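J.: The following block contains the structure, expressed as structure tokens.
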Amino acid sequence: MPNEPVLALRGISKRFGAVQALTEVHLEVHAGEVVALVGDNGAGKSTLVKTIAGVGPADGGVIEWCGRPVQVNRPHDAQELGIATVYQDLALCDNLDVVGNLFLGREIRRAGVLDEIEMERRSRELLHTLSIRIPSVRIPVAALSGGQRQTVAIARSMLGEPRLVILDEPTAALGVEQTAQVLDLVERLRERGLAVILISHNMADVKAVADTVAVLRLGRNNGTFDVASTSQEEIVSAITGATDNAVTRRRARTAEVGR
Amino acid sequence: MTGDIIEKDSPKDEAAARGAVAAVDPRLLVREEGLKGYLLEFWRKLRGGDLGSLPVVVGLAAIWAVFQWRDDAFLSPKNLSDLSILIVGTGLISVGVVFVLLLGEIDLSVGSLSGLAAAIVAVLSVNHGVPEWLAVLAALGAGAVLGALHGVFFAKIGVPAFVVTLAGLLAWEGLKQQVLGTTGSISMDEDGFVASLTSHYFSQVAAAYGAAGLAVAGYFLAQFLDARRRRAAGIPFRPMADILVRTGVLAVLLLAAAWKLNEYMGLPLALVIFVVVLVLFDFVLRRTPYGRKVLALGGNVEAARRAGINVDLVRISVFALSGLMAACGGLIIASRITSAAQSAGTGTLLMEAIAAAVIGGTSLFGGRGSVWSALLGMLVIGSIASGMALLGIATSVQNMITGGVLLAAVVIDSVSRRTQRSAGRG
């Protein structure tokens with residue numbers, strides 16, 4: 001794993017009126033690494049993701065991209081850097097086919113007219129490289145299963161050739177088989193050398209694909225764990241705050257430094 | 001069966017087709033070759049709730065069969081030729097309605113706008129001596145501007161389109177009466193430009209056949225070039241046999257129509273205008289980035305917004321288009337009666353324009369539909385009207401039957417939408 005992280009958040013703070021949503025949050029993501037961002041409802045996961053995606057810029061702290069500090073004030077800035085975000089509601093058009101959805105808003109044109117052939121060719125290529133199983137690229141997204149829709153949404157984020165992909169609850173509301181499909185895809189993103197931030201409530205998923213787990217609790221870091229050497233119980237207790245005392249905090253800190 | 005034709009035509013094509021199919025990921029849905037493949041794909045689409053224009057085509061065939069059985073004057077050249085002109089006015093309005101329905105919205109003002117357009121042309125050209133072409137441009141411009149005004153209230157201020165256009169329905173109806181003044185009805189020049197829109201026929205025998213031949217050749221060429229580019233790009237393409245069969249069916253339909261029209265007075269100018277408009281807007285909808293934006297908005301507004309589409313602009317433009325097409329339709333209707341009357345644009349016109357789009361297969365829920373549904377739906381409505389008139393059945397019964405057909409179309413739309421939802425592939 002290269003030493004320099006693709007994305008590093010240093011002391012990110014964010015305030016909504018009287019509520020301190022994020023306090024001095026740190027997070028590092030390396031290329032080819034899946035970082036699971038976990039935490040209870042209201043822990044600040046979404047707020048943190050929004051600061052990275054440029055939807056809700058942070059009040060304080062530094063965002064470092066490949067080692068140099070950057071400003072991410074608009075979604076456009078994030079896209080320019082190479083950050084792609086797949087939100088929970090997917091934002092797919094049910095009536096359009098897979099090709100139409102993949103290229104929505106960045107259609108390839110030929111003399112001002114949609115170049116369906118080139119778009120279809122590239123779609124098939126993209127789905128093929130990601131080993132995504134879709135019955136046909138020419139059926140409406142409405143006819144796809146939940147897992148397939150999720151994979152289409154993730155594939156769409158890949159069109160901009162990002163270096164970091166943020167997935168917001170990609171397996172929520174999916175069945176066992178479909179969850180497996182999505183997790184396979186997450187692993188493939190890692191194999192392709194992408195940095196992935198995975199927001200999830202599902203500990204099984206986190207254990208299955210993540211390399212590192214970053215726990216947020218009440219807007220603060222509550223430990224960063226190496227998935228392979230940490231038990232599910234430890235992570236859960238960090239989320240719920242059962243271990244939120246000076247001892248565990250110190251242990252987590254030393255563990256992080258030691259890594 | 002279809003495979004044989006390929007082999008006879010060009011053995012190379014066949015080999016290339018096989019190669020392309022073999023290279024495709026086996027998990028993808030690939031249509032089997034030959035007739036069986038067609039039927040399988042057809043069945044798959046039906047089960048998935050993707051009915052397309054099938055119900056309306058079947059319905060139209062049934063309607064024609066019944067009327068022809070009751071009165072063999074129904075499929076006579078004169079009746080069909082008259083029908084082809086009768087449907088153009090409302091059909092043009094319906095084209096604009098299709099775009100609005102694709103957004104998932106509705107435009108109730110199209111009837112009033114069409115009447116207003118007719119009034120503007122009549123008053124400017126007859127009462128003020130403005131050249132007819134200039135008066136026509138003014139009317140079309142007024143339609144587009146007033147349509148855009150609806151769009152602004154809907155998109156920028158957030159008033160539901162239903163209410164904005166309902167206000168438009170009343171307001172433009174009043175404006176039309178104001179424009180027409182106390183005279184009530186203004187007769188237009190029987191030999192003028194507007195009148196010629198529906199009274200002119202290209203009576204040379206070659207005209208109708210030539211137009212049909214041109215359309216068939218154009219269709220074949222477009223399909224052939226598309227298939228060739230697809231094959232070059234290594235993605236599935238339509239086999240030659242498929243293209244030939246489709247072109248053949250189209251050729252038979254168009255040549256039969258041309259033959260019937262030539263039996264009477266030739267190719268009506270109004271029909272040419274309608275078909276050109278249909279082809280043009282079908283292209284805009286399916287092949288241009290603008291059309292893609294309209295469809296995306298009909299599917300998921302939030303997704304469209306996040307994809308960087310200027311939602312407000314597309315909405316306003318669609319309502320402007322609807323107003324423009326309403327004005328076009330109003331001119332054709334005025335042309336048929338060579339006058340603009342107080343009753344222009346009232347009565348069942350609005351409902352027929354919307355019903356035609358829905359009967360033709362455009363969904364009321366937005367995002368699904370085709371420009372051609374304006375033609376198919378108007379053929380159904382026009383055939384019922386024309387057939388009932390032949391049989392001497394009262395308008396009251398006619399309205400009830402058209403209402404029933406509309407209800408059937410909406411039921412099919414709702415059911416197919418539900419089927420599509422539940423037929424998600426695992």
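Each chain of the structure tokens is named A, B, ... in the order shown, its residues numbered from 1; ligands are numbered from 1 in display order.
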Please determine the contact residues of chain A with respect to chain B at a cut-off of 6 Å, counting only C-alpha atoms, and supply them as a list of chain:residue names.
T.: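 The contacting residues on chain A are A:Ala91, A:Leu92, A:Cys93, A:Asp94, A:Asn95, A:Gly105, A:Val113, A:Leu114, A:Pro135, A:Ser136, A:Ala143, A:Leu144, A:Ser145.
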J.: Please save N, CA, C and O atoms of the selected residues as a PDB file, in the first residue's frame.
T.:
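As written to disk, again_35.pdb reads:
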```
ATOM      1  N   ALA A  91     -30.447   7.813  -7.929  1.00  0.00           N
ATOM      2  CA  ALA A  91     -30.699   8.808  -8.982  1.00  0.00           C
ATOM      3  C   ALA A  91     -30.627   8.206 -10.376  1.00  0.00           C
ATOM      4  O   ALA A  91     -29.854   8.632 -11.222  1.00  0.00           O
ATOM      5  N   LEU A  92     -31.399   7.151 -10.605  1.00  0.00           N
ATOM      6  CA  LEU A  92     -31.503   6.569 -11.943  1.00  0.00           C
ATOM      7  C   LEU A  92     -32.859   6.933 -12.534  1.00  0.00           C
ATOM      8  O   LEU A  92     -33.828   7.125 -11.808  1.00  0.00           O
ATOM      9  N   CYS A  93     -32.908   7.030 -13.851  1.00  0.00           N
ATOM     10  CA  CYS A  93     -34.182   7.253 -14.528  1.00  0.00           C
ATOM     11  C   CYS A  93     -34.756   5.904 -14.945  1.00  0.00           C
ATOM     12  O   CYS A  93     -34.211   5.241 -15.826  1.00  0.00           O
ATOM     13  N   ASP A  94     -35.852   5.512 -14.305  1.00  0.00           N
ATOM     14  CA  ASP A  94     -36.442   4.191 -14.535  1.00  0.00           C
ATOM     15  C   ASP A  94     -36.780   3.925 -15.993  1.00  0.00           C
ATOM     16  O   ASP A  94     -36.717   2.798 -16.457  1.00  0.00           O
ATOM     17  N   ASN A  95     -37.191   4.988 -16.683  1.00  0.00           N
ATOM     18  CA  ASN A  95     -37.698   4.778 -18.039  1.00  0.00           C
ATOM     19  C   ASN A  95     -36.579   4.668 -19.069  1.00  0.00           C
ATOM     20  O   ASN A  95     -36.802   4.144 -20.154  1.00  0.00           O
ATOM     21  N   GLY A 105     -26.523  13.068 -18.975  1.00  0.00           N
ATOM     22  CA  GLY A 105     -25.840  14.318 -18.670  1.00  0.00           C
ATOM     23  C   GLY A 105     -24.459  14.415 -19.286  1.00  0.00           C
ATOM     24  O   GLY A 105     -23.828  15.466 -19.225  1.00  0.00           O
ATOM     25  N   VAL A 113     -25.939  14.897 -32.759  1.00  0.00           N
ATOM     26  CA  VAL A 113     -26.951  13.869 -32.533  1.00  0.00           C
ATOM     27  C   VAL A 113     -26.354  12.828 -31.588  1.00  0.00           C
ATOM     28  O   VAL A 113     -25.144  12.609 -31.574  1.00  0.00           O
ATOM     29  N   LEU A 114     -27.217  12.207 -30.771  1.00  0.00           N
ATOM     30  CA  LEU A 114     -26.742  11.191 -29.840  1.00  0.00           C
ATOM     31  C   LEU A 114     -26.044  10.064 -30.602  1.00  0.00           C
ATOM     32  O   LEU A 114     -26.578   9.542 -31.572  1.00  0.00           O
ATOM     33  N   PRO A 135     -28.876  -8.161 -17.781  1.00  0.00           N
ATOM     34  CA  PRO A 135     -29.431  -8.962 -18.878  1.00  0.00           C
ATOM     35  C   PRO A 135     -29.192  -8.337 -20.248  1.00  0.00           C
ATOM     36  O   PRO A 135     -28.901  -9.037 -21.206  1.00  0.00           O
ATOM     37  N   SER A 136     -29.324  -7.028 -20.336  1.00  0.00           N
ATOM     38  CA  SER A 136     -29.107  -6.349 -21.604  1.00  0.00           C
ATOM     39  C   SER A 136     -28.886  -4.887 -21.307  1.00  0.00           C
ATOM     40  O   SER A 136     -29.473  -4.345 -20.383  1.00  0.00           O
ATOM     41  N   ALA A 143     -36.724  -2.449 -15.235  1.00  0.00           N
ATOM     42  CA  ALA A 143     -36.831  -3.899 -15.317  1.00  0.00           C
ATOM     43  C   ALA A 143     -35.675  -4.604 -14.612  1.00  0.00           C
ATOM     44  O   ALA A 143     -35.555  -5.815 -14.693  1.00  0.00           O
ATOM     45  N   LEU A 144     -34.810  -3.856 -13.928  1.00  0.00           N
ATOM     46  CA  LEU A 144     -33.666  -4.472 -13.241  1.00  0.00           C
ATOM     47  C   LEU A 144     -33.993  -4.702 -11.769  1.00  0.00           C
ATOM     48  O   LEU A 144     -34.844  -4.037 -11.194  1.00  0.00           O
ATOM     49  N   SER A 145     -33.275  -5.632 -11.168  1.00  0.00           N
ATOM     50  CA  SER A 145     -33.443  -5.874  -9.739  1.00  0.00           C
ATOM     51  C   SER A 145     -32.706  -4.787  -8.952  1.00  0.00           C
ATOM     52  O   SER A 145     -31.915  -4.028  -9.511  1.00  0.00           O
TER      53      SER A 145
END
```
J.: Let's see if you can do this: from backbone DSSP, list all strand (DSSP E) residues in segment 179-229 of chain A, as JSON, numbers by chain.
T.: {"A": [195, 196, 197, 198, 199, 212, 213, 214, 215, 216, 217, 220, 221, 222, 223, 224, 225, 226]}
J.: For N, CA and C atoms, I'd like the residues from the last selection saved as a JSON list (two decimals), in the first residue's frame.
T.:
```
[["chain", "number", "residue", "atom", "x", "y", "z"],
["A", 195, "ALA", "N", -9.61, 4.00, -4.53],
["A", 195, "ALA", "CA", -9.89, 4.16, -3.11],
["A", 195, "ALA", "C", -11.41, 4.17, -2.95],
["A", 196, "VAL", "N", -11.91, 3.45, -1.95],
["A", 196, "VAL", "CA", -13.36, 3.35, -1.78],
["A", 196, "VAL", "C", -13.72, 3.71, -0.34],
["A", 197, "ILE", "N", -14.69, 4.60, -0.19],
["A", 197, "ILE", "CA", -15.27, 4.84, 1.13],
["A", 197, "ILE", "C", -16.65, 4.23, 1.11],
["A", 198, "LEU", "N", -16.90, 3.31, 2.02],
["A", 198, "LEU", "CA", -18.16, 2.57, 2.04],
["A", 198, "LEU", "C", -18.91, 2.91, 3.32],
["A", 199, "ILE", "N", -20.04, 3.55, 3.17],
["A", 199, "ILE", "CA", -20.86, 3.82, 4.34],
["A", 199, "ILE", "C", -21.81, 2.64, 4.51],
["A", 212, "THR", "N", -10.29, -1.35, 6.32],
["A", 212, "THR", "CA", -10.19, -0.52, 7.52],
["A", 212, "THR", "C", -11.58, -0.05, 7.89],
["A", 213, "VAL", "N", -11.85, 0.07, 9.16],
["A", 213, "VAL", "CA", -13.13, 0.60, 9.60],
["A", 213, "VAL", "C", -12.87, 1.88, 10.38],
["A", 214, "ALA", "N", -13.50, 2.96, 9.95],
["A", 214, "ALA", "CA", -13.40, 4.21, 10.70],
["A", 214, "ALA", "C", -14.75, 4.42, 11.38],
["A", 215, "VAL", "N", -14.72, 4.55, 12.70],
["A", 215, "VAL", "CA", -15.97, 4.69, 13.44],
["A", 215, "VAL", "C", -16.16, 6.16, 13.80],
["A", 216, "LEU", "N", -17.34, 6.65, 13.52],
["A", 216, "LEU", "CA", -17.72, 7.99, 13.96],
["A", 216, "LEU", "C", -18.72, 7.85, 15.08],
["A", 217, "ARG", "N", -18.57, 8.68, 16.08],
["A", 217, "ARG", "CA", -19.57, 8.70, 17.14],
["A", 217, "ARG", "C", -19.77, 10.14, 17.59],
["A", 220, "ARG", "N", -17.40, 12.71, 16.17],
["A", 220, "ARG", "CA", -15.96, 12.62, 16.42],
["A", 220, "ARG", "C", -15.46, 11.26, 15.98],
["A", 221, "ASN", "N", -14.15, 11.19, 15.73],
["A", 221, "ASN", "CA", -13.55, 9.88, 15.49],
["A", 221, "ASN", "C", -13.69, 9.04, 16.75],
["A", 222, "ASN", "N", -14.09, 7.79, 16.57],
["A", 222, "ASN", "CA", -14.13, 6.92, 17.74],
["A", 222, "ASN", "C", -13.36, 5.65, 17.42],
["A", 223, "GLY", "N", -12.22, 5.82, 16.80],
["A", 223, "GLY", "CA", -11.34, 4.70, 16.55],
["A", 223, "GLY", "C", -11.30, 4.30, 15.09],
["A", 224, "THR", "N", -10.13, 3.84, 14.67],
["A", 224, "THR", "CA", -9.96, 3.29, 13.34],
["A", 224, "THR", "C", -9.39, 1.90, 13.51],
["A", 225, "PHE", "N", -10.05, 0.92, 12.92],
["A", 225, "PHE", "CA", -9.68, -0.46, 13.18],
["A", 225, "PHE", "C", -9.27, -1.15, 11.90],
["A", 226, "ASP", "N", -8.31, -2.06, 12.05],
["A", 226, "ASP", "CA", -7.97, -2.94, 10.95],
["A", 226, "ASP", "C", -8.97, -4.09, 10.97]]
```
J.: Select from segment 50-236 of chain A everything DSSP, run on the backbone, classes as helix (DSSP H, G or I), then give the selection as a ChimeraX atom specification.
T.: /A:50-53,75-81,98-102,116-129,141-143,146-158,176-191,203-209,227-229,232-236
J.: Give me, as a list of chain:residue names, all polymer residues having an atom no more than 12 Å from Phe16 of chain A, counting only C-alpha atoms and skipping those fewer than 3 positions away in the same chain.
T.: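 Here the qualifying residues turn out to be A:Ser13, A:Val19, A:Gln20, A:Ala21, A:Leu22, A:Thr23, A:Gly44, A:Thr47, A:Gly56, A:Pro57, A:Ala58, A:Asp59, A:Gly219.
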J.: Would you save the residues of that selection, restricted to N, CA and C atoms, as a PDB file, in the first residue's frame?
T.:
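Resulting contents of again_39.pdb:
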```pdb
ATOM      1  N   SER A  13     -14.228  20.042  10.702  1.00  0.00           N
ATOM      2  CA  SER A  13     -15.326  20.417  11.607  1.00  0.00           C
ATOM      3  C   SER A  13     -16.460  21.006  10.788  1.00  0.00           C
ATOM      4  N   VAL A  19     -25.771  22.975  16.419  1.00  0.00           N
ATOM      5  CA  VAL A  19     -25.312  21.583  16.472  1.00  0.00           C
ATOM      6  C   VAL A  19     -23.920  21.460  15.875  1.00  0.00           C
ATOM      7  N   GLN A  20     -22.996  20.935  16.646  1.00  0.00           N
ATOM      8  CA  GLN A  20     -21.663  20.652  16.136  1.00  0.00           C
ATOM      9  C   GLN A  20     -21.717  19.259  15.518  1.00  0.00           C
ATOM     10  N   ALA A  21     -21.872  19.215  14.181  1.00  0.00           N
ATOM     11  CA  ALA A  21     -22.077  17.929  13.524  1.00  0.00           C
ATOM     12  C   ALA A  21     -20.782  17.139  13.414  1.00  0.00           C
ATOM     13  N   LEU A  22     -19.687  17.834  13.152  1.00  0.00           N
ATOM     14  CA  LEU A  22     -18.392  17.163  13.046  1.00  0.00           C
ATOM     15  C   LEU A  22     -17.374  17.934  13.864  1.00  0.00           C
ATOM     16  N   THR A  23     -16.560  17.206  14.621  1.00  0.00           N
ATOM     17  CA  THR A  23     -15.537  17.854  15.423  1.00  0.00           C
ATOM     18  C   THR A  23     -14.194  17.204  15.139  1.00  0.00           C
ATOM     19  N   GLY A  44     -22.736  11.504  11.970  1.00  0.00           N
ATOM     20  CA  GLY A  44     -22.038  12.457  11.118  1.00  0.00           C
ATOM     21  C   GLY A  44     -21.472  11.855   9.849  1.00  0.00           C
ATOM     22  N   THR A  47     -22.807  13.771   6.803  1.00  0.00           N
ATOM     23  CA  THR A  47     -22.244  15.118   6.805  1.00  0.00           C
ATOM     24  C   THR A  47     -20.803  15.076   6.328  1.00  0.00           C
ATOM     25  N   GLY A  56     -21.750  19.924   0.973  1.00  0.00           N
ATOM     26  CA  GLY A  56     -21.823  20.771   2.172  1.00  0.00           C
ATOM     27  C   GLY A  56     -20.420  21.013   2.714  1.00  0.00           C
ATOM     28  N   PRO A  57     -19.739  22.039   2.196  1.00  0.00           N
ATOM     29  CA  PRO A  57     -18.335  22.271   2.557  1.00  0.00           C
ATOM     30  C   PRO A  57     -18.130  22.390   4.073  1.00  0.00           C
ATOM     31  N   ALA A  58     -16.942  21.958   4.518  1.00  0.00           N
ATOM     32  CA  ALA A  58     -16.637  21.990   5.947  1.00  0.00           C
ATOM     33  C   ALA A  58     -16.354  23.413   6.403  1.00  0.00           C
ATOM     34  N   ASP A  59     -16.545  23.633   7.728  1.00  0.00           N
ATOM     35  CA  ASP A  59     -16.250  24.956   8.292  1.00  0.00           C
ATOM     36  C   ASP A  59     -14.767  25.082   8.607  1.00  0.00           C
ATOM     37  N   GLY A 219     -20.132  12.768  15.945  1.00  0.00           N
ATOM     38  CA  GLY A 219     -19.372  13.748  15.193  1.00  0.00           C
ATOM     39  C   GLY A 219     -17.880  13.728  15.441  1.00  0.00           C
TER      40      GLY A 219
END
```
J.: Atom CA of Val276 of chain B and atom CA of Leu254 of chain B, how far apart in Å?
T.: 14.4 Å
J.: Using only C-alpha atoms, which residues sit within 6 Å of Ile332 of chain B once same-chain residues fewer than 3 positions away are excluded, as a PyMOL selection string?
T.: chain B and resi 89+329+335
J.: To one decimal place, how far is atom CA of Leu54 of chain B from atom CA of Val371 of chain B in Å?
T.: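 Interatomic distance here is 15.0 Å.
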J.: For a test of reading the model, state the distance in Å between atom CA of Ser383 of chain B and atom CA of Gly347 of chain B, rounded to one decimal.
T.: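 Computed distance, atom CA of Ser383 of chain B to atom CA of Gly347 of chain B, equals 18.6 Å.
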J.: I'd like the contact shell of Gly82 of chain A - 10 Å cut-off, only C-alpha atoms, skipping same-chain residues fewer than 5 positions apart - returned as number ranges by chain.
T.: A: 65, 76-77, 158, 160-165
J.: Got a sec: who's within 12 Å of Thr151 of chain A, counting only C-alpha atoms, leaving out chain neighbours fewer than 4 positions off, as a VMD selection string?
T.: chain A and resid 86 90 92 98 101 to 102 126 to 127 130 to 134 141 144 to 147 155 to 158 167 170 to 171 174 178 to 186 188 to 189
